[in-house]
>>> print(open('target-v2.pdb').read())   # PDB, C-alpha atoms
MODEL        1
ATOM      1  CA  MET Q   1       2.235   7.535 -25.621
ATOM      2  CA  ASP Q   2       2.836   5.079 -28.493
ATOM      3  CA  GLY Q   3       5.861   2.913 -29.187
ATOM      4  CA  HIS Q   4       6.962   5.085 -32.124
ATOM      5  CA  PHE Q   5       7.278   8.126 -29.869
ATOM      6  CA  LEU Q   6       9.252   6.181 -27.269
ATOM      7  CA  ALA Q   7      11.640   4.970 -29.975
ATOM      8  CA  ARG Q   8      12.041   8.579 -31.138
ATOM      9  CA  LEU Q   9      13.035   9.596 -27.589
ATOM     10  CA  LYS Q  10      15.857   7.044 -27.698
ATOM     11  CA  LEU Q  11      17.081   8.414 -31.021
ATOM     12  CA  ASN Q  12      16.861  11.926 -29.614
ATOM     13  CA  GLY Q  13      19.057  10.926 -26.694
ATOM     14  CA  ILE Q  14      21.703   9.440 -28.980
ATOM     15  CA  PHE Q  15      21.636  12.541 -31.217
ATOM     16  CA  CYS Q  16      22.092  14.916 -28.266
ATOM     17  CA  GLN Q  17      24.956  12.789 -26.943
ATOM     18  CA  VAL Q  18      26.720  13.013 -30.313
ATOM     19  CA  VAL Q  19      26.377  16.812 -30.285
ATOM     20  CA  ASP Q  20      27.560  17.062 -26.669
ATOM     21  CA  CYS Q  21      30.586  14.822 -27.315
ATOM     22  CA  GLY Q  22      31.492  16.440 -30.626
ATOM     23  CA  SER Q  23      31.931  13.167 -32.490
ATOM     24  CA  MET Q  24      30.196   9.874 -33.066
ATOM     25  CA  GLY Q  25      33.207   7.957 -31.776
ATOM     26  CA  LYS Q  26      33.234   9.687 -28.401
ATOM     27  CA  ALA Q  27      29.440   9.401 -28.174
ATOM     28  CA  ALA Q  28      29.628   5.695 -28.944
ATOM     29  CA  GLN Q  29      32.206   5.195 -26.201
ATOM     30  CA  SER Q  30      30.096   7.034 -23.610
ATOM     31  CA  LEU Q  31      26.954   5.119 -24.606
ATOM     32  CA  GLY Q  32      28.618   1.701 -24.746
ATOM     33  CA  MET Q  33      27.825   1.326 -28.440
ATOM     34  CA  THR Q  34      29.836   0.944 -31.626
ATOM     35  CA  THR Q  35      30.467   3.998 -33.805
ATOM     36  CA  SER Q  36      28.692   2.243 -36.656
ATOM     37  CA  ALA Q  37      25.579   1.702 -34.517
ATOM     38  CA  VAL Q  38      25.510   5.363 -33.486
ATOM     39  CA  SER Q  39      25.843   6.451 -37.132
ATOM     40  CA  GLN Q  40      22.970   4.168 -38.115
ATOM     41  CA  HIS Q  41      20.737   5.619 -35.386
ATOM     42  CA  ILE Q  42      21.468   9.177 -36.518
ATOM     43  CA  SER Q  43      20.730   8.267 -40.130
ATOM     44  CA  ARG Q  44      17.463   6.640 -39.071
ATOM     45  CA  LEU Q  45      16.467   9.774 -37.156
ATOM     46  CA  GLU Q  46      17.215  12.016 -40.140
ATOM     47  CA  THR Q  47      15.226   9.692 -42.415
ATOM     48  CA  GLU Q  48      12.203   9.725 -40.102
ATOM     49  CA  LEU Q  49      12.323  13.536 -39.796
ATOM     50  CA  GLY Q  50      13.059  14.027 -43.504
ATOM     51  CA  MET Q  51      15.791  16.542 -42.646
ATOM     52  CA  THR Q  52      19.573  16.532 -42.368
ATOM     53  CA  LEU Q  53      20.596  17.240 -38.796
ATOM     54  CA  LEU Q  54      24.369  16.816 -39.015
ATOM     55  CA  ASN Q  55      26.660  17.907 -41.829
ATOM     56  CA  ARG Q  56      29.440  15.298 -41.709
ATOM     57  CA  THR Q  57      33.018  16.132 -42.715
ATOM     58  CA  THR Q  58      36.190  14.142 -42.290
ATOM     59  CA  ARG Q  59      37.271  16.263 -39.317
ATOM     60  CA  LYS Q  60      34.139  17.236 -37.408
ATOM     61  CA  LEU Q  61      30.366  17.384 -37.274
ATOM     62  CA  ASN Q  62      28.424  20.552 -37.932
ATOM     63  CA  LEU Q  63      24.799  21.055 -36.996
ATOM     64  CA  SER Q  64      22.428  22.104 -39.758
ATOM     65  CA  GLU Q  65      19.796  24.728 -38.999
ATOM     66  CA  ALA Q  66      17.274  21.937 -38.459
ATOM     67  CA  GLY Q  67      19.811  20.150 -36.259
ATOM     68  CA  GLU Q  68      20.294  23.230 -34.066
ATOM     69  CA  ARG Q  69      16.561  23.565 -33.484
ATOM     70  CA  TYR Q  70      16.095  19.835 -32.895
ATOM     71  CA  TYR Q  71      19.010  19.766 -30.431
ATOM     72  CA  ALA Q  72      17.627  22.712 -28.422
ATOM     73  CA  LYS Q  73      14.180  21.122 -28.052
ATOM     74  CA  GLY Q  74      15.557  17.607 -27.669
ATOM     75  CA  LYS Q  75      17.914  18.664 -24.892
ATOM     76  CA  THR Q  76      15.008  20.260 -23.036
ATOM     77  CA  ALA Q  77      13.054  16.996 -23.302
ATOM     78  CA  LEU Q  78      15.998  14.995 -21.937
ATOM     79  CA  GLU Q  79      16.430  17.386 -19.022
ATOM     80  CA  ALA Q  80      12.713  17.085 -18.215
ATOM     81  CA  ALA Q  81      13.009  13.299 -18.243
ATOM     82  CA  LYS Q  82      16.042  13.505 -15.970
ATOM     83  CA  ALA Q  83      14.168  15.798 -13.591
ATOM     84  CA  ALA Q  84      11.295  13.321 -13.462
ATOM     85  CA  GLU Q  85      13.726  10.506 -12.680
ATOM     86  CA  ASN Q  86      15.397  12.592  -9.965
ATOM     87  CA  ALA Q  87      12.005  13.294  -8.392
ATOM     88  CA  VAL Q  88      11.302   9.564  -8.118
ATOM     89  CA  HIS Q  89      14.835   8.945  -6.837
ATOM     90  CA  GLU Q  90      14.325  11.595  -4.155
ATOM     91  CA  ILE Q  91      11.125   9.938  -2.949
ATOM     92  CA  LYS Q  92      12.828   6.545  -2.966
ATOM     93  CA  HIS Q  93      15.869   7.622  -0.958
ATOM     94  CA  SER Q  94      14.947  10.653   1.161
ATOM     95  CA  LEU Q  95      13.024  11.388   4.333
ATOM     96  CA  ALA Q  96      10.861  14.109   2.849
ATOM     97  CA  GLY Q  97       7.341  14.535   1.585
ATOM     98  CA  THR Q  98       4.136  13.170   3.112
ATOM     99  CA  LEU Q  99       3.610   9.787   4.747
ATOM    100  CA  ARG Q 100       0.058   8.724   5.586
ATOM    101  CA  LEU Q 101      -0.258   6.442   8.604
ATOM    102  CA  ALA Q 102      -3.429   4.737   9.850
ATOM    103  CA  LEU Q 103      -3.550   3.009  13.228
ATOM    104  CA  PRO Q 104      -5.867   2.146  16.134
ATOM    105  CA  VAL Q 105      -6.879   4.978  18.436
ATOM    106  CA  GLY Q 106      -5.084   3.487  21.435
ATOM    107  CA  LEU Q 107      -1.729   3.304  19.654
ATOM    108  CA  SER Q 108      -2.072   6.817  18.233
ATOM    109  CA  THR Q 109      -1.291   8.523  21.555
ATOM    110  CA  GLU Q 110       1.823   7.856  23.633
ATOM    111  CA  PRO Q 111       3.025   4.659  21.882
ATOM    112  CA  ILE Q 112       3.292   6.126  18.392
ATOM    113  CA  ALA Q 113       4.518   9.489  19.692
ATOM    114  CA  GLN Q 114       7.351   7.734  21.502
ATOM    115  CA  ALA Q 115       8.103   5.453  18.550
ATOM    116  CA  LEU Q 116       8.440   8.258  15.977
ATOM    117  CA  SER Q 117       9.603  11.211  18.087
ATOM    118  CA  SER Q 118      13.279  11.093  17.050
ATOM    119  CA  LEU Q 119      12.416  10.580  13.392
ATOM    120  CA  ILE Q 120      10.044  13.565  13.378
ATOM    121  CA  ILE Q 121      12.445  15.876  15.234
ATOM    122  CA  ASP Q 122      15.437  15.002  13.043
ATOM    123  CA  ASN Q 123      13.572  15.222   9.715
ATOM    124  CA  PRO Q 124      11.474  18.422   9.517
ATOM    125  CA  ASP Q 125      10.808  17.871   5.796
ATOM    126  CA  LEU Q 126       8.954  14.628   6.567
ATOM    127  CA  LYS Q 127       5.233  15.314   6.951
ATOM    128  CA  ILE Q 128       3.161  12.637   8.680
ATOM    129  CA  ARG Q 129      -0.606  12.526   8.287
ATOM    130  CA  MET Q 130      -2.071  10.294  10.969
ATOM    131  CA  PHE Q 131      -5.489   8.626  10.779
ATOM    132  CA  ALA Q 132      -6.492   7.256  14.190
ATOM    133  CA  THR Q 133      -9.450   4.912  13.868
ATOM    134  CA  ASP Q 134     -10.642   1.605  15.252
ATOM    135  CA  GLU Q 135     -12.701   1.032  12.106
ATOM    136  CA  THR Q 136     -11.515  -0.902   9.053
ATOM    137  CA  ILE Q 137      -9.767   1.375   6.565
ATOM    138  CA  ASP Q 138      -9.011   0.784   2.868
ATOM    139  CA  PRO Q 139      -5.366   1.833   2.411
ATOM    140  CA  ILE Q 140      -5.608   1.916  -1.373
ATOM    141  CA  ALA Q 141      -8.745   4.071  -1.501
ATOM    142  CA  GLU Q 142      -7.447   6.359   1.255
ATOM    143  CA  ARG Q 143      -3.875   6.431  -0.120
ATOM    144  CA  ILE Q 144      -2.455   5.175   3.184
ATOM    145  CA  ASP Q 145       1.246   4.268   3.164
ATOM    146  CA  ILE Q 146       1.252   2.206   6.374
ATOM    147  CA  VAL Q 147      -1.621   0.623   8.278
ATOM    148  CA  ILE Q 148      -0.954  -0.638  11.811
ATOM    149  CA  ASN Q 149      -3.429  -3.228  13.060
ATOM    150  CA  VAL Q 150      -3.873  -5.549  16.012
ATOM    151  CA  GLY Q 151      -5.320  -9.041  16.091
ATOM    152  CA  THR Q 152      -5.172 -11.790  13.485
ATOM    153  CA  PRO Q 153      -4.348 -10.453   9.997
ATOM    154  CA  LYS Q 154      -6.922 -11.105   7.287
ATOM    155  CA  ASP Q 155      -5.984 -12.388   3.868
ATOM    156  CA  SER Q 156      -5.407  -9.487   1.500
ATOM    157  CA  GLN Q 157      -3.243  -8.255  -1.360
ATOM    158  CA  LEU Q 158      -1.311  -6.017   1.025
ATOM    159  CA  TYR Q 159       2.225  -6.641   2.258
ATOM    160  CA  PHE Q 160       2.459  -7.859   5.851
ATOM    161  CA  TYR Q 161       5.111  -6.933   8.450
ATOM    162  CA  PRO Q 162       4.779  -8.525  11.926
ATOM    163  CA  LEU Q 163       5.805  -6.083  14.648
ATOM    164  CA  GLY Q 164       5.181  -8.148  17.763
ATOM    165  CA  GLN Q 165       2.527  -9.054  20.298
ATOM    166  CA  SER Q 166       1.009  -6.778  22.913
ATOM    167  CA  GLY Q 167       0.003  -8.165  26.268
ATOM    168  CA  LYS Q 168      -3.469  -7.549  27.675
ATOM    169  CA  HIS Q 169      -5.121  -8.144  31.015
ATOM    170  CA  ILE Q 170      -8.071  -7.225  33.214
ATOM    171  CA  TYR Q 171      -7.491  -3.862  34.873
ATOM    172  CA  ALA Q 172      -9.302  -1.666  37.357
ATOM    173  CA  SER Q 173      -8.497   1.460  39.314
ATOM    174  CA  PRO Q 174      -7.575   1.262  43.022
ATOM    175  CA  LEU Q 175     -10.669   3.420  43.693
ATOM    176  CA  TYR Q 176     -12.964   0.827  42.148
ATOM    177  CA  LEU Q 177     -11.317  -2.102  43.915
ATOM    178  CA  ALA Q 178     -11.449  -0.313  47.270
ATOM    179  CA  ARG Q 179     -15.179   0.229  46.741
ATOM    180  CA  ARG Q 180     -16.168  -3.153  45.260
ATOM    181  CA  GLY Q 181     -13.485  -5.497  46.574
ATOM    182  CA  TYR Q 182     -10.716  -7.538  44.950
ATOM    183  CA  PRO Q 183     -11.724 -10.628  42.927
ATOM    184  CA  THR Q 184      -9.794 -13.721  44.004
ATOM    185  CA  HIS Q 185     -11.083 -16.164  41.366
ATOM    186  CA  PRO Q 186     -12.503 -15.850  37.847
ATOM    187  CA  ASP Q 187     -15.894 -16.830  39.229
ATOM    188  CA  ASP Q 188     -15.915 -13.534  41.154
ATOM    189  CA  LEU Q 189     -15.630 -11.456  37.976
ATOM    190  CA  LEU Q 190     -19.293 -11.724  37.027
ATOM    191  CA  GLN Q 191     -20.219  -9.961  40.265
ATOM    192  CA  HIS Q 192     -18.396  -6.822  39.104
ATOM    193  CA  THR Q 193     -19.189  -3.930  36.767
ATOM    194  CA  TRP Q 194     -17.656  -4.290  33.305
ATOM    195  CA  LEU Q 195     -16.728  -1.716  30.685
ATOM    196  CA  GLY Q 196     -15.640  -2.486  27.147
ATOM    197  CA  LEU Q 197     -15.578  -1.648  23.474
ATOM    198  CA  GLY Q 198     -18.846  -1.818  21.582
ATOM    199  CA  PHE Q 199     -17.388  -3.723  18.630
ATOM    200  CA  LYS Q 200     -15.850  -7.166  18.560
ATOM    201  CA  GLY Q 201     -12.073  -7.236  18.548
ATOM    202  CA  VAL Q 202      -8.989  -8.369  20.395
ATOM    203  CA  LEU Q 203     -10.292  -6.941  23.698
ATOM    204  CA  SER Q 204     -13.749  -8.502  23.494
ATOM    205  CA  GLY Q 205     -13.247 -11.942  24.977
ATOM    206  CA  VAL Q 206     -12.060 -12.862  28.481
ATOM    207  CA  SER Q 207     -10.258 -16.206  28.363
ATOM    208  CA  LEU Q 208      -8.028 -16.692  31.404
ATOM    209  CA  THR Q 209      -5.329 -19.295  32.076
ATOM    210  CA  CYS Q 210      -3.464 -19.796  35.344
ATOM    211  CA  GLU Q 211      -0.061 -21.334  35.891
ATOM    212  CA  GLU Q 212      -1.633 -24.757  36.485
ATOM    213  CA  HIS Q 213      -3.106 -24.520  32.953
ATOM    214  CA  THR Q 214      -6.605 -24.165  34.336
ATOM    215  CA  ARG Q 215      -8.764 -22.215  31.901
ATOM    216  CA  ALA Q 216     -11.720 -19.943  32.641
ATOM    217  CA  ASN Q 217     -13.875 -18.266  29.982
ATOM    218  CA  ILE Q 218     -15.904 -15.265  31.112
ATOM    219  CA  LYS Q 219     -18.705 -13.547  29.187
ATOM    220  CA  PRO Q 220     -19.439 -10.403  31.182
ATOM    221  CA  THR Q 221     -22.284  -8.028  30.421
ATOM    222  CA  LEU Q 222     -21.021  -4.510  29.697
ATOM    223  CA  GLN Q 223     -22.616  -1.672  31.633
ATOM    224  CA  MET Q 224     -20.789   0.877  29.483
ATOM    225  CA  GLU Q 225     -19.665   0.474  25.865
ATOM    226  CA  PHE Q 226     -17.275   2.742  23.942
ATOM    227  CA  ASN Q 227     -16.291   3.140  20.316
ATOM    228  CA  ASP Q 228     -12.666   4.036  21.039
ATOM    229  CA  LEU Q 229     -10.037   2.691  23.414
ATOM    230  CA  ASN Q 230      -8.971   6.002  24.962
ATOM    231  CA  SER Q 231     -12.475   6.685  26.249
ATOM    232  CA  LEU Q 232     -12.614   3.197  27.735
ATOM    233  CA  ILE Q 233      -9.271   3.668  29.491
ATOM    234  CA  SER Q 234     -10.360   7.012  30.937
ATOM    235  CA  HIS Q 235     -13.546   5.584  32.434
ATOM    236  CA  VAL Q 236     -11.763   2.579  33.915
ATOM    237  CA  THR Q 237      -9.197   4.950  35.423
ATOM    238  CA  GLN Q 238     -12.038   6.927  37.009
ATOM    239  CA  GLY Q 239     -13.142   3.825  38.905
ATOM    240  CA  LEU Q 240     -16.276   2.888  36.965
ATOM    241  CA  GLY Q 241     -15.510  -0.795  36.419
ATOM    242  CA  LEU Q 242     -13.251  -3.558  35.112
ATOM    243  CA  ALA Q 243     -12.049  -3.925  31.524
ATOM    244  CA  VAL Q 244      -9.630  -5.920  29.418
ATOM    245  CA  LEU Q 245      -6.969  -3.384  28.374
ATOM    246  CA  PRO Q 246      -3.791  -3.595  26.263
ATOM    247  CA  GLU Q 247      -0.760  -3.117  28.490
ATOM    248  CA  LEU Q 248       1.240  -1.109  25.964
ATOM    249  CA  GLU Q 249      -1.400   1.608  25.708
ATOM    250  CA  ILE Q 250      -1.836   1.974  29.495
ATOM    251  CA  LYS Q 251       1.843   1.969  30.418
ATOM    252  CA  ALA Q 252       1.691   5.502  31.813
ATOM    253  CA  GLN Q 253      -1.407   4.799  33.923
ATOM    254  CA  ARG Q 254       0.212   1.657  35.293
ATOM    255  CA  ALA Q 255       3.379   3.551  36.199
ATOM    256  CA  ARG Q 256       1.343   6.185  38.066
ATOM    257  CA  GLY Q 257      -0.627   3.509  39.916
ATOM    258  CA  GLU Q 258      -3.917   4.595  38.346
ATOM    259  CA  LEU Q 259      -4.608   1.104  37.013
ATOM    260  CA  VAL Q 260      -3.740  -2.259  38.573
ATOM    261  CA  LYS Q 261      -4.079  -5.853  37.412
ATOM    262  CA  VAL Q 262      -7.031  -7.905  38.551
ATOM    263  CA  LEU Q 263      -6.221 -11.588  39.193
ATOM    264  CA  PRO Q 264      -2.512 -11.102  38.372
ATOM    265  CA  ASN Q 265      -1.814 -14.862  38.517
ATOM    266  CA  TRP Q 266      -4.212 -15.463  35.636
ATOM    267  CA  HIS Q 267      -3.199 -14.618  32.094
ATOM    268  CA  ILE Q 268      -4.813 -13.659  28.782
ATOM    269  CA  ALA Q 269      -3.087 -14.564  25.514
ATOM    270  CA  PRO Q 270      -1.406 -11.531  23.874
ATOM    271  CA  HIS Q 271      -2.558 -10.139  20.545
ATOM    272  CA  PRO Q 272      -0.360  -9.544  17.481
ATOM    273  CA  ILE Q 273       0.540  -6.091  16.209
ATOM    274  CA  TYR Q 274       1.472  -5.802  12.549
ATOM    275  CA  ALA Q 275       1.891  -3.305   9.724
ATOM    276  CA  LEU Q 276       0.518  -3.398   6.188
ATOM    277  CA  THR Q 277       1.753  -1.575   3.096
ATOM    278  CA  THR Q 278       0.330  -1.434  -0.411
ATOM    279  CA  SER Q 279       3.651  -2.048  -2.166
ATOM    280  CA  HIS Q 280       6.724  -4.177  -1.554
ATOM    281  CA  HIS Q 281       8.802  -1.484  -3.301
ATOM    282  CA  ALA Q 282       8.027   1.143  -0.692
ATOM    283  CA  PRO Q 283       9.804   4.525  -0.550
ATOM    284  CA  PHE Q 284      12.653   4.937   1.908
ATOM    285  CA  LYS Q 285      10.481   6.961   4.292
ATOM    286  CA  VAL Q 286       8.031   4.041   4.619
ATOM    287  CA  LYS Q 287      10.848   1.569   5.292
ATOM    288  CA  LYS Q 288      12.360   3.977   7.829
ATOM    289  CA  VAL Q 289       9.086   4.318   9.749
ATOM    290  CA  LEU Q 290       8.692   0.536   9.793
ATOM    291  CA  SER Q 291      12.236   0.276  11.153
ATOM    292  CA  GLU Q 292      11.489   2.837  13.885
ATOM    293  CA  LEU Q 293       8.368   0.893  14.884
ATOM    294  CA  LYS Q 294      10.361  -2.328  15.082
ATOM    295  CA  THR Q 295      12.974  -0.647  17.278
ATOM    296  CA  TYR Q 296      10.344   0.850  19.562
ATOM    297  CA  PHE Q 297       8.467  -2.400  20.088
ATOM    298  CA  ALA Q 298      11.720  -4.266  20.749
ATOM    299  CA  LYS Q 299      12.540  -1.694  23.427
ATOM    300  CA  GLN Q 300       9.160  -2.218  25.049
ATOM    301  CA  HIS Q 301       9.910  -5.931  25.206
ATOM    302  CA  GLN Q 302      13.205  -5.278  26.972
ATOM    303  CA  GLN Q 303      11.572  -2.979  29.506
ATOM    304  CA  ASP Q 304       8.547  -5.133  30.243
ATOM    305  CA  HIS Q 305       8.632  -8.786  29.195
ATOM    306  CA  ASN Q 306       5.064  -9.266  30.359
ATOM    307  CA  GLY Q 307       3.770  -6.209  28.487
ATOM    308  CA  PHE Q 308       5.204  -6.741  25.047
ATOM    309  CA  ILE Q 309       6.678  -9.660  23.137
ATOM    310  CA  HIS Q 310       8.794  -8.685  20.127
ATOM    311  CA  ALA Q 311       8.703 -10.350  16.741
ATOM    312  CA  PRO Q 312      11.080  -9.321  13.934
ATOM    313  CA  VAL Q 313      10.036  -7.404  10.834
ATOM    314  CA  ASP Q 314      10.702  -9.296   7.620
TER     315      ASP Q 314
ENDMDL
END
>>> encode(input="target-v2.pdb", output="structure tokens")
Amino acid sequence: MDGHFLARLKLNGIFCQVVDCGSMGKAAQSLGMTTSAVSQHISRLETELGMTLLNRTTRKLNLSEAGERYYAKGKTALEAAKAAENAVHEIKHSLAGTLRLALPVGLSTEPIAQALSSLIIDNPDLKIRMFATDETIDPIAERIDIVINVGTPKDSQLYFYPLGQSGKHIYASPLYLARRGYPTHPDDLLQHTWLGLGFKGVLSGVSLTCEEHTRANIKPTLQMEFNDLNSLISHVTQGLGLAVLPELEIKAQRARGELVKVLPNWHIAPHPIYALTTSHHAPFKVKKVLSELKTYFAKQHQQDHNGFIHAPVD
């Protein structure tokens, strides 16, 4: 679309406004222009088209045959442009359409279901497409609106929203501990069976600190490796070994007594949780989901200070 055509659209809009108002004076007032400027624009349009569109008299304006045809088509073009603008406005301000959300497998179960339940129930026109993966995902290539990640954010061209920090610790099932015994010191951990994720991430290392600021770094050998967190949690719950697990994702298992902390007086530094978007001028639905996530994580902090530490969204 060249500049000449865009200029013609402006002239078309002024012409249609003159016809709708019935006079150049009224049109000028509605457009915030002078009557002289409106008259000059109409004359320019007629010159470019090589046809008279308005027959001017001292009392009123009459459309020529060419003017009637141009007005009919021009009005249709203006209405189409308005419809296009309304469509963008609707996306910008409504909770409707499709939102694509990518997040780690562990967060895709109870945490995200609890975080977005009210939003989903109250807004049936909002369609959420969820991509649960522990692999790196390209939000631009995959057209993802929001990416939730854990760990230390990498430099990128995406827009960053800190959501908080999730606690993590060594957990085992009561069945396992009854069979293998309770560790009383980090040195005991290497005598136990370990499960873990097969890729490096926030749950890979075991760096413990006690209240006396004594530090212990453990490098256990994994007997079982998994490519997703939910599988790891299930096998630890079944009593097959120890694992470093995020406390937010195992809240239900902890409440039911299926998982208990190992060496509860020793601590592992929490890991950040954050969101990424591809645009700072995100639609309202994206901003609303980010707000719901912030509210949910803040609530987790209030309920369990050791399980989740809240950080505000910018």
>>> closest_residue(input="target-v2.pdb", among="Q:Ile218, Q:Ile128, Q:Ile233, Q:Ile148", to="Ser173 of chain Q", atoms="only C-alpha atoms")
Q:Ile233
>>> resolve_selection(input="target-v2.pdb", expression="the PyMOL selection byres ((chain Q and resi 168) around 9)", output="list in words")
Ser166, Gly167, His169, Ile170, Leu203, Val244, Leu245, Pro246, Glu247, Leu248, His267, Ile268, Ala269, Pro270, His271 and Gly307 of chain Q
>>> resolve_selection(input="target-v2.pdb", expression="the PyMOL selection byres ((chain Q and resi 55) around 12)", output="ChimeraX atom specification")
/Q:19,23,42-43,46,51-54,56-68
>>> closest_residue(input="target-v2.pdb", among="Q:Gly74, Q:Arg44, Q:Val286, Q:Leu11", to="Tyr161 of chain Q", atoms="all atoms listed in the file")
Q:Val286
>>> resolve_selection(input="target-v2.pdb", expression="the PyMOL selection byres ((chain Q and resi 264) around 10)", output="list in words")
His169, Ile170, Tyr171, Thr184, Cys210, Val260, Lys261, Val262, Leu263, Asn265, Trp266 and His267 of chain Q
>>> closest_residue(input="target-v2.pdb", among="Q:Leu31, Q:Leu208, Q:Val105, Q:Leu78", to="Asn149 of chain Q", atoms="only C-alpha atoms")
Q:Val105
>>> closest_residue(input="target-v2.pdb", among="Q:Ile144, Q:Ala178, Q:Ala132, Q:Leu240", to="Leu107 of chain Q", atoms="only C-alpha atoms")
Q:Ala132
>>> atom_distance(input="target-v2.pdb", atom1="atom CA of Gly97 of chain Q", atom2="atom CA of Lys287 of chain Q")
13.9 Å
>>> closest_residue(input="target-v2.pdb", among="Q:Lys73, Q:Arg256, Q:Lys26, Q:His281", to="Tyr159 of chain Q", atoms="all atoms listed in the file")
Q:His281
>>> closest_residue(input="target-v2.pdb", among="Q:Ala216, Q:Val289, Q:Leu242, Q:Val18", to="Leu175 of chain Q", atoms="all atoms listed in the file")
Q:Leu242
>>> residues_around(input="target-v2.pdb", residues="Glu249 of chain Q", least_positions_apart="6", cutoff="8 Å", atoms="only C-alpha atoms", output="PyMOL selection string")
chain Q and resi 106-107+110-111
>>> residues_near_point(input="target-v2.pdb", point="(-0.7, 0.0, 1.7)", cutoff="6 Å", atoms="only C-alpha atoms", output="PyMOL selection string")
chain Q and resi 139+144-146+276-278
>>> atom_distance(input="target-v2.pdb", atom1="atom CA of Val38 of chain Q", atom2="atom CA of Lys75 of chain Q")
17.6 Å
>>> atom_distance(input="target-v2.pdb", atom1="atom CA of Ala96 of chain Q", atom2="atom CA of Phe160 of chain Q")
23.7 Å
>>> residues_around(input="target-v2.pdb", residues="Leu190 of chain Q", least_positions_apart="2", cutoff="10 Å", atoms="only C-alpha atoms", output="number ranges by chain")
Q: 183, 186-188, 192-194, 218-221
>>> residues_around(input="target-v2.pdb", residues="Leu119 of chain Q", least_positions_apart="3", cutoff="12 Å", atoms="all atoms listed in the file", output="mmCIF file with C-alpha atoms, in the coordinates of the input")
data_model
loop_
_atom_site.group_PDB
_atom_site.id
_atom_site.type_symbol
_atom_site.label_atom_id
_atom_site.label_comp_id
_atom_site.auth_asym_id
_atom_site.auth_seq_id
_atom_site.Cartn_x
_atom_site.Cartn_y
_atom_site.Cartn_z
ATOM 1 C CA LEU Q 95 13.024 11.388 4.333
ATOM 2 C CA ALA Q 96 10.861 14.109 2.849
ATOM 3 C CA ILE Q 112 3.292 6.126 18.392
ATOM 4 C CA ALA Q 113 4.518 9.489 19.692
ATOM 5 C CA GLN Q 114 7.351 7.734 21.502
ATOM 6 C CA ALA Q 115 8.103 5.453 18.550
ATOM 7 C CA LEU Q 116 8.440 8.258 15.977
ATOM 8 C CA ASP Q 122 15.437 15.002 13.043
ATOM 9 C CA ASN Q 123 13.572 15.222 9.715
ATOM 10 C CA PRO Q 124 11.474 18.422 9.517
ATOM 11 C CA ASP Q 125 10.808 17.871 5.796
ATOM 12 C CA LEU Q 126 8.954 14.628 6.567
ATOM 13 C CA LYS Q 127 5.233 15.314 6.951
ATOM 14 C CA ILE Q 128 3.161 12.637 8.680
ATOM 15 C CA LYS Q 285 10.481 6.961 4.292
ATOM 16 C CA VAL Q 286 8.031 4.041 4.619
ATOM 17 C CA LYS Q 288 12.360 3.977 7.829
ATOM 18 C CA VAL Q 289 9.086 4.318 9.749
ATOM 19 C CA LEU Q 290 8.692 0.536 9.793
ATOM 20 C CA SER Q 291 12.236 0.276 11.153
ATOM 21 C CA GLU Q 292 11.489 2.837 13.885
ATOM 22 C CA LEU Q 293 8.368 0.893 14.884
ATOM 23 C CA THR Q 295 12.974 -0.647 17.278
ATOM 24 C CA TYR Q 296 10.344 0.850 19.562
#
>>> build_atoms(input="target-v2.pdb", residues="segment 24-31 of chain Q", atoms="N, CA, C and O atoms", output="tab-separated table (two decimals), in the frame of the given file")
chain	number	residue	atom	x	y	z
Q	24	MET	N	30.93	11.12	-33.26
Q	24	MET	CA	30.20	9.87	-33.07
Q	24	MET	C	31.02	8.85	-32.30
Q	24	MET	O	30.49	8.04	-31.55
Q	25	GLY	N	32.34	8.90	-32.48
Q	25	GLY	CA	33.21	7.96	-31.78
Q	25	GLY	C	33.16	8.14	-30.27
Q	25	GLY	O	33.03	7.17	-29.51
Q	26	LYS	N	33.29	9.41	-29.84
Q	26	LYS	CA	33.23	9.69	-28.40
Q	26	LYS	C	31.85	9.38	-27.83
Q	26	LYS	O	31.72	8.88	-26.71
Q	27	ALA	N	30.80	9.69	-28.61
Q	27	ALA	CA	29.44	9.40	-28.17
Q	27	ALA	C	29.24	7.90	-28.04
Q	27	ALA	O	28.62	7.43	-27.07
Q	28	ALA	N	29.75	7.15	-28.99
Q	28	ALA	CA	29.63	5.70	-28.94
Q	28	ALA	C	30.30	5.13	-27.69
Q	28	ALA	O	29.77	4.23	-27.03
Q	29	GLN	N	31.48	5.66	-27.38
Q	29	GLN	CA	32.21	5.20	-26.20
Q	29	GLN	C	31.43	5.48	-24.92
Q	29	GLN	O	31.35	4.64	-24.03
Q	30	SER	N	30.84	6.67	-24.82
Q	30	SER	CA	30.10	7.03	-23.61
Q	30	SER	C	28.80	6.25	-23.49
Q	30	SER	O	28.31	6.03	-22.37
Q	31	LEU	N	28.23	5.84	-24.62
Q	31	LEU	CA	26.95	5.12	-24.61
Q	31	LEU	C	27.14	3.60	-24.57
Q	31	LEU	O	26.15	2.86	-24.45
